[in-house]
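Visitor: Below is the structure I would like to discuss, written out as structure tokens.
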Amino acid sequence: MGKPVVAVLMGSKSDLPILQGAFKVFDSFGVEFTARVLSAHRTPVEAMEFAAGAEAAGIKVIICAAGMAAHLGGVVAAHTTLPVIGLPVASEPFNGLDALLAMVQMPPGVPVGVVTAGKAGGRNAALYAVSMLALGDAELAAKLKKFREDQAKIVLSADAELQEELKER
């Protein structure tokens with residue numbers, strides 16, 4: 001097992017099911033990651049210390065999953081120059097809209113990239129991180145290109161099936 005290059009932070013362990021898709025993506029691409037439960041509000045010192053030390057620890061991209069006020073990504077981004085990907089987590093009473101708005105309303109100079117909410121968001125956050133890492137890794141870039149080609153084949157196959165079904169009407 002190598003040194004992690006991606007950190008996946010979640011504001012609560014209840015966010016773990018959404019991140020399982022991200023873990024699977026990283027495993028399929030051979031990307032080492034670490035995962036932590038850190039809260040912008042309940043463990044602000046620990047979140048700040050993690051963010052401040054992430055680059056020295058070899059981390060290249062940080063994913064922050066959080067719901068409600070969802071300040072984890074912003075707090076982390078304030079303490080590192082590494083790319084931070086925000087993953088809004090749906091929670092009551094606003095079904096994740098509050099988390100999405102918190103993540104996309106970052107002040108100038110402290111960006112957080114944001115992906116879709118929900119389980120698709122976990123996969124997309126991981127794929128976004130892989131695409132960033134692939135900029136400096138030809139082998140990873142080739143795997144990502146093949147993944148995209150395979151995705152296209154799946155859609156085109158479904159289209160061909162649909163066209164056959166429509167002919168039979």
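Chain labels follow the order of the structure tokens: the first chain is A, the next B, and so on; residue numbering restarts at 1 in every chain, and ligands are counted from 1 in their shown order.
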Assign secondary structure with DSSP using the backbone only, and return the residues of region 38-132 of chain A in strand (DSSP E) as a PyMOL selection string.
Guide: chain A and resi 61-67+84-89+113-114
Visitor: Which residues are near Pro108 (chain A)? Cut-off 12 Å, only C-alpha atoms, ignore same chain within fewer than 2 positions. Put them as a PyMOL selection string.
Guide: chain A and resi 74+77-78+104-106+110-112
Visitor: Quick one: write out the picked residues with N, CA and C atoms as an mmCIF file, in the first residue's frame?
Guide:
data_model
loop_
_atom_site.group_PDB
_atom_site.id
_atom_site.type_symbol
_atom_site.label_atom_id
_atom_site.label_comp_id
_atom_site.auth_asym_id
_atom_site.auth_seq_id
_atom_site.Cartn_x
_atom_site.Cartn_y
_atom_site.Cartn_z
ATOM 1 N N GLY A 74 -14.756 24.938 2.890
ATOM 2 C CA GLY A 74 -14.241 26.297 2.992
ATOM 3 C C GLY A 74 -13.162 26.439 4.044
ATOM 4 N N ALA A 77 -10.101 24.755 2.594
ATOM 5 C CA ALA A 77 -9.518 25.576 1.531
ATOM 6 C C ALA A 77 -8.812 26.817 2.087
ATOM 7 N N ALA A 78 -9.281 27.318 3.211
ATOM 8 C CA ALA A 78 -8.658 28.493 3.827
ATOM 9 C C ALA A 78 -7.278 28.188 4.386
ATOM 10 N N VAL A 104 -20.908 26.800 -2.809
ATOM 11 C CA VAL A 104 -20.688 27.618 -4.009
ATOM 12 C C VAL A 104 -20.614 29.110 -3.700
ATOM 13 N N GLN A 105 -20.813 29.489 -2.452
ATOM 14 C CA GLN A 105 -20.757 30.895 -2.059
ATOM 15 C C GLN A 105 -19.430 31.251 -1.383
ATOM 16 N N MET A 106 -18.344 30.650 -1.850
ATOM 17 C CA MET A 106 -17.038 30.945 -1.267
ATOM 18 C C MET A 106 -16.604 32.349 -1.663
ATOM 19 N N VAL A 110 -10.628 32.054 -2.333
ATOM 20 C CA VAL A 110 -10.633 30.790 -1.587
ATOM 21 C C VAL A 110 -11.622 29.847 -2.281
ATOM 22 N N PRO A 111 -11.226 29.283 -3.427
ATOM 23 C CA PRO A 111 -12.166 28.461 -4.190
ATOM 24 C C PRO A 111 -12.351 27.059 -3.624
ATOM 25 N N VAL A 112 -13.566 26.556 -3.839
ATOM 26 C CA VAL A 112 -13.894 25.152 -3.588
ATOM 27 C C VAL A 112 -14.662 24.691 -4.814
#
Visitor: Please determine, counting only C-alpha atoms, which residue among A:Gly67, A:Glu55, A:Ser12, A:Gly121 has the shortest atom-to-atom distance to Ile85 (chain A).
Guide: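 Once distances to Ile85 (chain A) are computed over only C-alpha atoms, the minimum belongs to A:Gly121.
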Visitor: Here is a test: counting only C-alpha atoms, which residue of A:Ala35, A:Met68, A:Val75, A:Leu162 is nearest to Leu100 (chain A)?
Guide: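 Using only C-alpha atoms, Leu100 (chain A) sits closest to A:Met68.
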Visitor: To test your reading of the structure, identify every residue in region 31-77 of chain A that backbone DSSP assigns to helix (DSSP H, G or I), and report it as a PDB file with C-alpha atoms, in the first residue's frame.
Guide:
ATOM      1  CA  PRO A  44     -12.229  23.190  13.920  1.00  0.00           C
ATOM      2  CA  VAL A  45      -8.660  22.977  15.222  1.00  0.00           C
ATOM      3  CA  GLU A  46      -8.185  19.425  13.970  1.00  0.00           C
ATOM      4  CA  ALA A  47      -9.691  20.289  10.565  1.00  0.00           C
ATOM      5  CA  MET A  48      -7.386  23.297  10.239  1.00  0.00           C
ATOM      6  CA  GLU A  49      -4.323  21.314  11.315  1.00  0.00           C
ATOM      7  CA  PHE A  50      -5.134  18.525   8.854  1.00  0.00           C
ATOM      8  CA  ALA A  51      -5.548  21.009   6.000  1.00  0.00           C
ATOM      9  CA  ALA A  52      -2.386  22.903   6.907  1.00  0.00           C
ATOM     10  CA  GLY A  53      -0.325  19.693   6.967  1.00  0.00           C
ATOM     11  CA  ALA A  54      -1.885  17.897   4.022  1.00  0.00           C
ATOM     12  CA  LEU A  72     -15.800  21.961   5.949  1.00  0.00           C
ATOM     13  CA  GLY A  73     -14.618  22.584   2.377  1.00  0.00           C
ATOM     14  CA  GLY A  74     -14.241  26.297   2.992  1.00  0.00           C
ATOM     15  CA  VAL A  75     -12.356  25.849   6.245  1.00  0.00           C
ATOM     16  CA  VAL A  76     -10.026  23.350   4.596  1.00  0.00           C
ATOM     17  CA  ALA A  77      -9.518  25.576   1.531  1.00  0.00           C
TER      18      ALA A  77
END
Visitor: Counting only C-alpha atoms, which residues of region 20-86 of chain A fall within 10 Å of region 143-157 of chain A, and what is the closest atom pair for each with its distance in Å at one decimal, ordered by chain and rising number, as a Markdown table?
Guide:
| residue | atom | partner | partner_atom | distance |
| --- | --- | --- | --- | --- |
| A:Ser28 | CA | A:Lys143 | CA | 9.4 |
| A:Phe29 | CA | A:Lys143 | CA | 6.9 |
| A:Gly30 | CA | A:Lys143 | CA | 9.7 |
Visitor: Please report the interatomic distance between CA of Ile18 (chain A) and CA of Gly58 (chain A) in Å with one decimal.
Guide: 24.7 Å
Visitor: Using only C-alpha atoms, which residues sit within 8 Å of Val89 (chain A) once same-chain residues fewer than 3 positions away are excluded, as a PyMOL selection string?
Guide: chain A and resi 15+18+65-68+96+99+117-118
Visitor: Just all heavy atoms for this one: save the residues we selected as a compact mmCIF listing (two decimals), in the first residue's frame.
Guide:
# COMPACT_ATOMS: atom_id res chain seq x y z
N ASP A 15 -22.00 10.38 6.73
CA ASP A 15 -21.75 10.69 5.32
C ASP A 15 -21.07 9.54 4.58
O ASP A 15 -20.96 9.57 3.36
CB ASP A 15 -20.88 11.96 5.18
CG ASP A 15 -21.49 13.17 5.84
OD1 ASP A 15 -22.74 13.23 5.95
OD2 ASP A 15 -20.73 14.07 6.24
N ILE A 18 -22.35 7.81 1.22
CA ILE A 18 -22.21 8.62 0.00
C ILE A 18 -20.78 8.50 -0.54
O ILE A 18 -20.56 8.56 -1.75
CB ILE A 18 -22.58 10.08 0.29
CG1 ILE A 18 -24.09 10.16 0.53
CG2 ILE A 18 -22.16 11.01 -0.83
CD1 ILE A 18 -24.56 11.45 1.12
N ALA A 65 -16.86 16.25 2.19
CA ALA A 65 -18.30 15.98 2.15
C ALA A 65 -18.91 16.51 3.43
O ALA A 65 -18.46 16.19 4.53
CB ALA A 65 -18.54 14.47 2.02
N ALA A 66 -19.94 17.33 3.27
CA ALA A 66 -20.60 17.90 4.44
C ALA A 66 -22.02 18.32 4.09
O ALA A 66 -22.31 18.65 2.95
CB ALA A 66 -19.81 19.10 4.97
N GLY A 67 -22.86 18.30 5.10
CA GLY A 67 -24.24 18.74 4.92
C GLY A 67 -24.52 19.95 5.76
O GLY A 67 -23.64 20.50 6.43
N MET A 68 -25.75 20.39 5.70
CA MET A 68 -26.25 21.55 6.44
C MET A 68 -25.42 22.79 6.11
O MET A 68 -25.35 23.17 4.96
CB MET A 68 -26.33 21.25 7.92
CG MET A 68 -27.22 20.02 8.20
SD MET A 68 -27.36 19.58 9.91
CE MET A 68 -28.78 20.55 10.34
N GLY A 96 -30.13 19.28 1.14
CA GLY A 96 -28.83 19.51 0.55
C GLY A 96 -28.67 20.85 -0.13
O GLY A 96 -27.56 21.24 -0.48
N ALA A 99 -26.37 22.97 1.87
CA ALA A 99 -24.97 22.57 1.73
C ALA A 99 -24.41 23.04 0.39
O ALA A 99 -23.29 23.57 0.32
CB ALA A 99 -24.83 21.06 1.86
N ALA A 117 -24.68 16.55 -5.54
CA ALA A 117 -24.99 15.96 -4.24
C ALA A 117 -25.36 14.48 -4.40
O ALA A 117 -25.63 14.02 -5.50
CB ALA A 117 -26.14 16.72 -3.59
N GLY A 118 -25.38 13.77 -3.30
CA GLY A 118 -25.83 12.39 -3.31
C GLY A 118 -24.76 11.39 -3.69
O GLY A 118 -23.58 11.72 -3.81
Visitor: For a test of reading the model, state the distance in Å between CA of Glu32 (chain A) and CA of Ala126 (chain A), rounded to one decimal.
Guide: 11.3 Å
Visitor: Could you check the closest approach to His71 (chain A) for each of A:Met132, A:Pro83, A:Leu9, A:Phe33 and tell me which residue wins, using only C-alpha atoms?
Guide: A:Leu9
Visitor: What is the CA of Leu82 (chain A)-CA of Lys60 (chain A) distance in Å, reported with one decimal?
Guide: 6.2 Å
Visitor: Could you name the residues that touch Val6 (chain A) at 8 Å or less, counting only C-alpha atoms, but leaving out those on the same chain fewer than 3 positions away, as a PyMOL selection string?
Guide: chain A and resi 31-34+59-63+129
